[in-house]
Number of protein chains: 2
Amino acid sequence: MTIIHGEIRTGAYYDSVILMQLQRTLSGLHGIIDAGVVMGTQANKDVLAQSSLWTAELQEAKADDLVIVLRAEDVVVAQAALDQVDQLLATRRRGGGVEDYRPKTLESAAKMLPEARWVLVSVPGRYAAEVAREALLMDKHVFLYSDNVSLENEVALKKLASQKGLLIMGPDCGTAIVNGFGLGFANQVRQGRIGIVAASGTGLQQVSSRIHQLGMGITHAIGTGGRDLSEAVGAVTAYQGLDLLRRDSETHIIVLISKPPSKRAANELVNAARKVGKPVVVNFIGHPITIHTVDNVQFATTFDETAALAVQLATAKKDSVSELKLDVTCFASGQRYLRGLFSGGTLAYEALLILQDYLPAVYSNAPLDKTYLLRDSLVSQEHTIIDLGEDEFTVGRLHPMMDNDLRIRRLKKEADDPEVALILLDVVLGHGAHPDPAEELAPVIATVRQKAQKAGRHLVVIAIVVGTDEDPQDLGAQVEKLEGSGAMVLLSNEQAVRNAGRLASALNPQPDQQKINPVDLSTITQPLFAINVGLESFSESLKSQGAAVIQMDWRPPARGNEKLMALLERMKGAK
Amino acid sequence: MTIIHGEIRTGAYYDSVILMQLQRTLSGLHGIIDAGVVMGTQANKDVLAQSSLWTAELQEAKADDLVIVLRAEDVVVAQAALDQVDQLLATRRRGGGVEDYRPKTLESAAKMLPEARWVLVSVPGRYAAEVAREALLMDKHVFLYSDNVSLENEVALKKLASQKGLLIMGPDCGTAIVNGFGLGFANQVRQGRIGIVAASGTGLQQVSSRIHQLGMGITHAIGTGGRDLSEAVGAVTAYQGLDLLRRDSETHIIVLISKPPSKRAANELVNAARKVGKPVVVNFIGHPITIHTVDNVQFATTFDETAALAVQLATAKKDSVSELKLDVTCFASGQRYLRGLFSGGTLAYEALLILQDYLPAVYSNAPLDKTYLLRDSLVSQEHTIIDLGEDEFTVGRLHPMMDNDLRIRRLKKEADDPEVALILLDVVLGHGAHPDPAEELAPVIATVRQKAQKAGRHLVVIAIVVGTDEDPQDLGAQVEKLEGSGAMVLLSNEQAVRNAGRLASALNPQPDQQKINPVDLSTITQPLFAINVGLESFSESLKSQGAAVIQMDWRPPARGNEKLMALLERMKGAK
């Protein structure tokens with residue numbers, strides 16, 4: 001037979017480590033079978049009830065109250081244990097090494113360690129935003145571990161940080177590695193060539209650990225907090241992180257991790273990633289993707305794959321994919337558009353799919369999105385990809401792989417359009433197809449290019465030859481004829497379309513997106529000096545890594561008494 | 001000054017090759033500048049108008065009418081050219097080698113070449129279904145090149161084929177390679193170890209050509225027609241193809257290509273692909289994916305990637321991923337469920353993501369789909385993944401990476417549940433985390449496993465250790481302690497979750513899906529004998545590849561006269 005005995009202490013604040021330690025000590029006392037020491041939130045009360053640590057009178061406890069409850073052999077033993085609580089808490093309070101003087105304000109902490117450019121904040125969520133704001137106003141970068149911080153506060157803090165060129169990792173940022181120093185929860189990972197930006201704590205830990213296990217290492221791992229890539233926050237920290245790693249010469253590969261971001265944040269971040277000039281591996285965990293690779297950006301779907309891909313890129317020789325030179329100066333003003341005249345339906349489809357990453361809108365008679373359906377299949381609009389093998393064109397007419405007539409007529413027409421810069425054609429060889437397509441197409445390509453040139457225009461024609469060296473048409477001869485006409489020839493639809501996309505994109509530059517205030521690179525490259533506000537174990541951990549840390553002796557305003565705090569707030573406002 | 005002169009011929013049928021040849025011949029006549037010879041569909045009339053081959057009276061032409069139009073130097077020359085049309089057509093008609101007798105019915109063709117197991121159909125769409133049906137009724141497999149065949153006809157034809165264990169590729173199937181013989185448009189691709197099933201003509205050609213370019217080859221490439229994976233058709237041909245390649249011992253790798261399929265067809269086909277016992281590369285072009293790999297199935301997004309991945313798999317040594325043995329006999333009846341108790345939020349998220357491929361429903365306090373939100377975070381339902389680091393659990397309580405109390409309580413509770421077979425735990429090491437989590441967790445794991453065993457149950461515990469050999473906790477010692485408790489330990493969340501998913505899935509077997517009537521394997525492994533109905537060039541192409549082919553002299557019923565055809569239909573009905 002056991003009894004449950006508990007008490008509620010109102011308006012008392014203790015940090016979570018102390019509560020855990022108190023619970024353990026109580027559990028270990030003679031005659032005590034189990035103990036619970038928690039703040040009186042509904043979730044915590046539910047857990048107590050589930051653990052057979054519950055009496056009806058504890059229902060009174062509010063979120064700010066401390067609940068202490070014991071399962072014991074009898075009431076006498078339980079009461080004796082409860083009577084020791086004050087003494088136990090007092091011991092814990094004195095727990096920190098006597099040698100350390102602990103400043104009670106950020107200001108005095110900063111005076112003690114003027115080199116400290118970082119403030120770590122792990123106080124309870126409802127106090128954390130204010131501490132972080134104070135740190136930012138003192139021009140410190142912030143690692144904000146605390147969760148339970150409101151979205152409004154996050155937006156305001158990141159706006160402030162961005163204005164001041166400061167980094168705020170979090171809220172709810174569990175981990176980061178800055179210049180080899182692990183903040184919060186962080187694995188000891190070898191130094192290396194891979195930099196990480198992550199809106200995911202254990203994602204960052206899993207990927208960095210796997211990179212280490214695969215024999216490679218990292219430069220920095222910048223946490224952003226789990227909500228950074230939401231519509232409201234707008235990926236402020238991720239942009240800053242990406243920009244820092246772009247400028248960091250030690251970082252050769254960048255990894256970008258997040259739970260599914262808002263569509264806008266995802267698009268804009270990927271666009272920013274395409275401009276860093278380094279390979280980027282993106283894992284927007286659970287975010288659907290339709291194309292694995294766009295320029296220097298590759299998408300992974302699991303942490304293992306992310307780590308493996310980053311390691312592979314960090315060790316790989318550069319790919320020598322034939323890339324069209326992006327010289328746009330040879331075009332006449334007004335030449336802007338791409339026109340694709342396909343005989344292969346799925347080749348046209350793949351082209352549309354890939355071009356999504358290069359051009360905002362591509363019209364077609366078989367578009368991915370009905371918004372871009374051509375009003376008239378025979379008349380191109382802006383950028384256009386036509387599938388000439390669609391049913392509409394093949395009633396009582398041979399397929400364009402057999403009969404080039406329709407395509408040649410269309411090619412001439414597109415080439416005459418002064419807004420056209422670039423024409424894509426597929427040339428499908430093989431059994432059943434036209435016995436010598438290049439013989440018919442090449443002269444027309446040569447003619448239309450010359451005609452354009454006479455009119456002061458530069459016309460690029462890219463031909464995608466699908467075939468093998470055993471095909472009846474003689475692949476080599478086909479390529480030669482087409483190249484002789486001045487066409488650029490590729491055997492891969494993907495490579496051809498990517499080249500076309502890059503060129504068309506360069507001819508239609510988009511206004512540059514969201515500017516961020518750059519964070520000074522020395523932020524991540526200098527040795528770490530920090531002030532820690534909150535969980536003491538984070539200080540100890542940093543010290544064990546060789547960082548200089550000041551632990552602040554933080555107490556909630558008015559010792560956590562809500563009424564008193566409100567009064568203080570009002571008094572501040574009255575000043 | 002030129003003139004346009006044309007005429008309409010009603011109710012005349014000529015195949016598209018003849019029309020193309022007539023157009024060319026007319027274009028080459030003295031005084032003729034351009035010529036158009038097409039069936040009078042609106043699309044064709046629009047093309048004529050665009051090509052400056054148009055006069056108002058041609059507007060009268062209907063889809064069944066032949067339109068002949070000339071741009072010439074004067075009317076006399078044009079009329080002289082038109083006067084030659086009958087003679088030119090008559091010459092063309094006699095064009096085929098005199099030596100060949102051409103049967104006028106499928107029946108007589110089949111008598112001439114009894115070995116013919118294939119009928120190729122490329123007659124105009126509105127006649128094609130009837131020819132294909134006739135072929136199926138004669139127990140022939142069908143390659144149905146024709147497009148413009150109705151969806152209703154496709155469904156009916158595939159139902160009939162499936163019932164009879166016959167293969168019908170198409171309608172709108174541009175290409176296939178059967179035992180080295182290219183049907184329709186097909187590249188000459190080296191024989192090899194890769195088999196292809198494709199609902200995409202030029203997709204199949206691009207991938208097979210790329211495979212050849214990369215030095216590898218294919219066994220068979222089975223076309224299905226572009227609509228096979230639609231909801232209405234239900235992927236009948238794709239299933240048959242997949243099943244054939246599964247049984248074909250020469251095929252070691254299978255590639256499956258389609259434009260975005262219906263959700264149901266995609267799910268069911270991927271499930272079927274997971275059971276073939278061979279690596280499968282899937283490219284559902286443009287279909288969003290969230291996980292690249294599930295068991296033996298890998299997803300690619302472009303043709304280049306598809307080919308590269310297939311070649312890589314065809315040459316690779318087998319991966320030695322540690323897989324949990326799927327012995328489900330050691331569990332007590334009633335043990336069915338998986339419970340994951342995670343301290344890492346994104347690890348939990350990745351687990352939910354991966355488990356989608358193994359279990360129909362997984363509940364969570366942070367589910368991917370709100371349908372599976374736990375009613376009470378403290379009470380698991382069926383398969384459950386709990387994120388114990390969620391905000392709800394961390395108010396006034398240390399994070400579970402620092403404090404194992406909450407997790408240990410929950411672990412005991414889950415282990416007591418007689419329906420639980422499998423518990424997943426992450427153990428995150430590193431700075432800031434608990435100094436020795438295994439010390440606390442291992443004894444509990446050992447205890448609950450023993451307790452379950454005493455109760456006649458078998459409890460599997462999988463621990464995911466996230467960490468490096470430089471972490472302060474000593475990775476090796478942590479793994480050893482956990483393994484000592486009887487837990488299975490993995491360093492990769494993905495591998496752990498996949499093992500868990502496989503096991504849980506084996507404990508909850510799903511009823512087997514859609515049965516298909518298998519097609520005899522000899523269909524694709526025997527030398528090709530075929531009857532060709534339609535485009536003569538397909539016969540020639542097959543002959544050049546060494547196949548035995550009979551070209552049928554096909555004419556539309558009633559020479560394509562719609563009224564007469566309707567009358568014939570009615571007479572048939574009256575019989």
# chains A, B, ... in the order shown; residues from 1 in each chain; ligands from 1
>>> residues_around(residues="range 412-425 of chain B", least_positions_apart="2", cutoff="6 Å", atoms="only C-alpha atoms", output="list in words")
Gly334, Gln335, Arg336, Tyr337, Leu338, Arg339, Gly340, Leu341, Phe342, Arg409, Arg410, Leu459, Val460, Val461, Ile462 and Ala463 of chain B
>>> residues_around(residues="range 59-75 of chain B", least_positions_apart="2", cutoff="7 Å", atoms="only C-alpha atoms", output="mmCIF file with C-alpha atoms, in the first residue's frame")
data_model
loop_
_atom_site.group_PDB
_atom_site.id
_atom_site.type_symbol
_atom_site.label_atom_id
_atom_site.label_comp_id
_atom_site.auth_asym_id
_atom_site.auth_seq_id
_atom_site.Cartn_x
_atom_site.Cartn_y
_atom_site.Cartn_z
ATOM 1 C CA MET B 1 2.485 37.042 -108.650
ATOM 2 C CA THR B 2 1.307 33.583 -107.647
ATOM 3 C CA ILE B 3 -2.094 31.985 -107.395
ATOM 4 C CA ILE B 4 -3.618 29.449 -105.022
ATOM 5 C CA HIS B 5 -5.652 26.667 -106.537
ATOM 6 C CA GLY B 6 -7.137 23.689 -104.762
ATOM 7 C CA GLU B 7 -9.754 20.962 -104.734
ATOM 8 C CA ILE B 8 -11.621 18.788 -102.279
ATOM 9 C CA ARG B 9 -12.076 15.051 -102.798
ATOM 10 C CA THR B 10 -14.814 13.617 -100.628
ATOM 11 C CA GLY B 11 -14.814 10.190 -99.062
ATOM 12 C CA ALA B 12 -11.393 9.226 -100.317
ATOM 13 C CA GLY B 31 5.663 25.991 -112.027
ATOM 14 C CA ILE B 32 4.450 24.741 -108.617
ATOM 15 C CA ILE B 33 5.834 26.752 -105.676
ATOM 16 C CA ASP B 34 4.263 24.908 -102.753
ATOM 17 C CA ALA B 35 1.724 22.156 -102.232
ATOM 18 C CA GLY B 36 -0.476 20.839 -99.435
ATOM 19 C CA VAL B 37 -2.139 17.431 -99.434
ATOM 20 C CA VAL B 38 -3.973 16.683 -96.186
ATOM 21 C CA MET B 39 -7.194 15.361 -94.723
ATOM 22 C CA GLY B 40 -9.548 18.290 -94.130
ATOM 23 C CA THR B 41 -9.486 18.502 -90.327
ATOM 24 C CA LEU B 53 -2.000 27.624 -99.049
ATOM 25 C CA ALA B 56 -12.013 30.390 -99.082
ATOM 26 C CA GLU B 57 -13.711 27.487 -100.885
ATOM 27 C CA VAL B 77 0.020 25.121 -114.401
ATOM 28 C CA ALA B 78 -1.931 24.415 -111.204
ATOM 29 C CA GLN B 79 -4.823 22.772 -113.009
#
>>> select_by_dssp(residues="range 216-378 of chain A", states="strand (DSSP E)", output="PDB file with N, CA, C and O atoms, in the first residue's frame")
ATOM      1  N   ILE A 218      33.041  19.154 -41.517  1.00  0.00           N
ATOM      2  CA  ILE A 218      32.273  20.357 -41.833  1.00  0.00           C
ATOM      3  C   ILE A 218      33.057  21.617 -41.454  1.00  0.00           C
ATOM      4  O   ILE A 218      33.999  21.571 -40.668  1.00  0.00           O
ATOM      5  N   THR A 219      32.645  22.729 -42.045  1.00  0.00           N
ATOM      6  CA  THR A 219      33.189  24.029 -41.646  1.00  0.00           C
ATOM      7  C   THR A 219      32.341  24.599 -40.517  1.00  0.00           C
ATOM      8  O   THR A 219      32.780  24.675 -39.374  1.00  0.00           O
ATOM      9  N   HIS A 220      31.107  24.926 -40.850  1.00  0.00           N
ATOM     10  CA  HIS A 220      30.177  25.475 -39.873  1.00  0.00           C
ATOM     11  C   HIS A 220      28.820  24.830 -40.099  1.00  0.00           C
ATOM     12  O   HIS A 220      28.515  24.382 -41.189  1.00  0.00           O
ATOM     13  N   ALA A 221      28.013  24.803 -39.046  1.00  0.00           N
ATOM     14  CA  ALA A 221      26.635  24.354 -39.184  1.00  0.00           C
ATOM     15  C   ALA A 221      25.765  25.391 -38.507  1.00  0.00           C
ATOM     16  O   ALA A 221      25.825  25.566 -37.289  1.00  0.00           O
ATOM     17  N   ILE A 222      25.000  26.097 -39.325  1.00  0.00           N
ATOM     18  CA  ILE A 222      24.224  27.223 -38.815  1.00  0.00           C
ATOM     19  C   ILE A 222      22.773  26.805 -38.654  1.00  0.00           C
ATOM     20  O   ILE A 222      22.117  26.408 -39.621  1.00  0.00           O
ATOM     21  N   GLY A 223      22.287  26.858 -37.422  1.00  0.00           N
ATOM     22  CA  GLY A 223      20.887  26.550 -37.160  1.00  0.00           C
ATOM     23  C   GLY A 223      20.043  27.796 -37.356  1.00  0.00           C
ATOM     24  O   GLY A 223      20.518  28.912 -37.138  1.00  0.00           O
ATOM     25  N   ILE A 253      31.219  22.967 -50.176  1.00  0.00           N
ATOM     26  CA  ILE A 253      29.903  22.386 -50.456  1.00  0.00           C
ATOM     27  C   ILE A 253      28.957  22.925 -49.384  1.00  0.00           C
ATOM     28  O   ILE A 253      29.332  22.997 -48.211  1.00  0.00           O
ATOM     29  N   ILE A 254      27.743  23.263 -49.783  1.00  0.00           N
ATOM     30  CA  ILE A 254      26.759  23.743 -48.802  1.00  0.00           C
ATOM     31  C   ILE A 254      25.589  22.774 -48.744  1.00  0.00           C
ATOM     32  O   ILE A 254      25.102  22.303 -49.768  1.00  0.00           O
ATOM     33  N   VAL A 255      25.162  22.474 -47.519  1.00  0.00           N
ATOM     34  CA  VAL A 255      23.978  21.640 -47.310  1.00  0.00           C
ATOM     35  C   VAL A 255      22.893  22.511 -46.679  1.00  0.00           C
ATOM     36  O   VAL A 255      23.164  23.253 -45.737  1.00  0.00           O
ATOM     37  N   LEU A 256      21.704  22.413 -47.213  1.00  0.00           N
ATOM     38  CA  LEU A 256      20.573  23.218 -46.728  1.00  0.00           C
ATOM     39  C   LEU A 256      19.448  22.261 -46.335  1.00  0.00           C
ATOM     40  O   LEU A 256      18.953  21.519 -47.169  1.00  0.00           O
ATOM     41  N   ILE A 257      19.097  22.277 -45.051  1.00  0.00           N
ATOM     42  CA  ILE A 257      18.092  21.334 -44.547  1.00  0.00           C
ATOM     43  C   ILE A 257      16.931  22.087 -43.929  1.00  0.00           C
ATOM     44  O   ILE A 257      17.127  23.036 -43.177  1.00  0.00           O
ATOM     45  N   SER A 258      15.720  21.633 -44.226  1.00  0.00           N
ATOM     46  CA  SER A 258      14.552  22.191 -43.550  1.00  0.00           C
ATOM     47  C   SER A 258      13.396  21.233 -43.687  1.00  0.00           C
ATOM     48  O   SER A 258      13.307  20.495 -44.651  1.00  0.00           O
ATOM     49  N   VAL A 280      25.346  22.890 -53.939  1.00  0.00           N
ATOM     50  CA  VAL A 280      24.450  22.942 -52.781  1.00  0.00           C
ATOM     51  C   VAL A 280      23.576  21.691 -52.785  1.00  0.00           C
ATOM     52  O   VAL A 280      22.995  21.337 -53.810  1.00  0.00           O
ATOM     53  N   VAL A 281      23.504  21.017 -51.645  1.00  0.00           N
ATOM     54  CA  VAL A 281      22.594  19.878 -51.494  1.00  0.00           C
ATOM     55  C   VAL A 281      21.433  20.342 -50.629  1.00  0.00           C
ATOM     56  O   VAL A 281      21.629  20.808 -49.509  1.00  0.00           O
ATOM     57  N   VAL A 282      20.227  20.249 -51.176  1.00  0.00           N
ATOM     58  CA  VAL A 282      19.044  20.708 -50.451  1.00  0.00           C
ATOM     59  C   VAL A 282      18.221  19.505 -50.013  1.00  0.00           C
ATOM     60  O   VAL A 282      17.958  18.607 -50.806  1.00  0.00           O
ATOM     61  N   ASN A 283      17.856  19.469 -48.750  1.00  0.00           N
ATOM     62  CA  ASN A 283      16.888  18.473 -48.282  1.00  0.00           C
ATOM     63  C   ASN A 283      15.772  19.199 -47.556  1.00  0.00           C
ATOM     64  O   ASN A 283      15.878  19.510 -46.381  1.00  0.00           O
ATOM     65  N   PHE A 284      14.714  19.516 -48.295  1.00  0.00           N
ATOM     66  CA  PHE A 284      13.508  20.080 -47.699  1.00  0.00           C
ATOM     67  C   PHE A 284      12.615  18.892 -47.333  1.00  0.00           C
ATOM     68  O   PHE A 284      11.634  18.593 -48.006  1.00  0.00           O
ATOM     69  N   THR A 293      17.879  17.990 -59.887  1.00  0.00           N
ATOM     70  CA  THR A 293      19.060  18.826 -60.056  1.00  0.00           C
ATOM     71  C   THR A 293      18.695  20.077 -60.808  1.00  0.00           C
ATOM     72  O   THR A 293      17.981  20.010 -61.809  1.00  0.00           O
ATOM     73  N   VAL A 294      19.139  21.218 -60.332  1.00  0.00           N
ATOM     74  CA  VAL A 294      19.042  22.426 -61.127  1.00  0.00           C
ATOM     75  C   VAL A 294      20.350  23.191 -60.948  1.00  0.00           C
ATOM     76  O   VAL A 294      20.668  23.643 -59.860  1.00  0.00           O
ATOM     77  N   VAL A 297      22.500  22.988 -57.786  1.00  0.00           N
ATOM     78  CA  VAL A 297      21.680  22.559 -56.646  1.00  0.00           C
ATOM     79  C   VAL A 297      21.128  21.157 -56.881  1.00  0.00           C
ATOM     80  O   VAL A 297      20.550  20.875 -57.922  1.00  0.00           O
ATOM     81  N   GLN A 298      21.347  20.280 -55.901  1.00  0.00           N
ATOM     82  CA  GLN A 298      20.791  18.926 -55.994  1.00  0.00           C
ATOM     83  C   GLN A 298      19.875  18.676 -54.802  1.00  0.00           C
ATOM     84  O   GLN A 298      20.187  19.091 -53.691  1.00  0.00           O
ATOM     85  N   PHE A 299      18.793  17.970 -55.036  1.00  0.00           N
ATOM     86  CA  PHE A 299      17.842  17.708 -53.968  1.00  0.00           C
ATOM     87  C   PHE A 299      17.984  16.285 -53.442  1.00  0.00           C
ATOM     88  O   PHE A 299      18.032  15.330 -54.209  1.00  0.00           O
ATOM     89  N   TYR A 337      13.148  35.317 -76.846  1.00  0.00           N
ATOM     90  CA  TYR A 337      12.368  34.122 -76.569  1.00  0.00           C
ATOM     91  C   TYR A 337      12.965  32.823 -77.100  1.00  0.00           C
ATOM     92  O   TYR A 337      13.713  32.819 -78.072  1.00  0.00           O
ATOM     93  N   LEU A 338      12.578  31.781 -76.419  1.00  0.00           N
ATOM     94  CA  LEU A 338      12.931  30.415 -76.782  1.00  0.00           C
ATOM     95  C   LEU A 338      11.709  29.781 -77.435  1.00  0.00           C
ATOM     96  O   LEU A 338      10.587  29.952 -76.961  1.00  0.00           O
ATOM     97  N   ARG A 339      11.955  29.007 -78.481  1.00  0.00           N
ATOM     98  CA  ARG A 339      10.884  28.237 -79.113  1.00  0.00           C
ATOM     99  C   ARG A 339      11.372  26.806 -79.294  1.00  0.00           C
ATOM    100  O   ARG A 339      12.448  26.589 -79.857  1.00  0.00           O
ATOM    101  N   GLY A 340      10.619  25.860 -78.785  1.00  0.00           N
ATOM    102  CA  GLY A 340      10.982  24.449 -78.930  1.00  0.00           C
ATOM    103  C   GLY A 340       9.997  23.767 -79.857  1.00  0.00           C
ATOM    104  O   GLY A 340       8.792  23.827 -79.624  1.00  0.00           O
ATOM    105  N   LEU A 341      10.490  23.148 -80.908  1.00  0.00           N
ATOM    106  CA  LEU A 341       9.630  22.453 -81.878  1.00  0.00           C
ATOM    107  C   LEU A 341       9.922  20.966 -81.777  1.00  0.00           C
ATOM    108  O   LEU A 341      10.853  20.460 -82.395  1.00  0.00           O
ATOM    109  N   PHE A 342       9.145  20.272 -80.975  1.00  0.00           N
ATOM    110  CA  PHE A 342       9.438  18.872 -80.673  1.00  0.00           C
ATOM    111  C   PHE A 342       8.604  17.914 -81.496  1.00  0.00           C
ATOM    112  O   PHE A 342       7.428  18.145 -81.748  1.00  0.00           O
ATOM    113  N   TYR A 363       4.786  28.714 -72.689  1.00  0.00           N
ATOM    114  CA  TYR A 363       3.519  28.322 -73.300  1.00  0.00           C
ATOM    115  C   TYR A 363       3.698  27.039 -74.104  1.00  0.00           C
ATOM    116  O   TYR A 363       4.804  26.706 -74.529  1.00  0.00           O
ATOM    117  N   SER A 364       2.574  26.322 -74.263  1.00  0.00           N
ATOM    118  CA  SER A 364       2.648  25.068 -75.012  1.00  0.00           C
ATOM    119  C   SER A 364       1.257  24.644 -75.455  1.00  0.00           C
ATOM    120  O   SER A 364       0.251  25.100 -74.897  1.00  0.00           O
TER     121      SER A 364
END
>>> closest_residue(among="B:Ala504, B:Ile531, B:Leu388, B:Ala132", to="Ala547 in chain B", atoms="only C-alpha atoms")
B:Ile531
>>> atom_distance(atom1="CA of Ile194 in chain A", atom2="CA of Asp474 in chain B")
24.0 Å
>>> atom_distance(atom1="CA of Thr447 in chain A", atom2="CA of Ala506 in chain A")
25.8 Å
>>> closest_residue(among="B:Asp405, B:Asp248, B:Glu231, B:Asp304", to="Gly203 in chain B", atoms="only C-alpha atoms")
B:Asp304
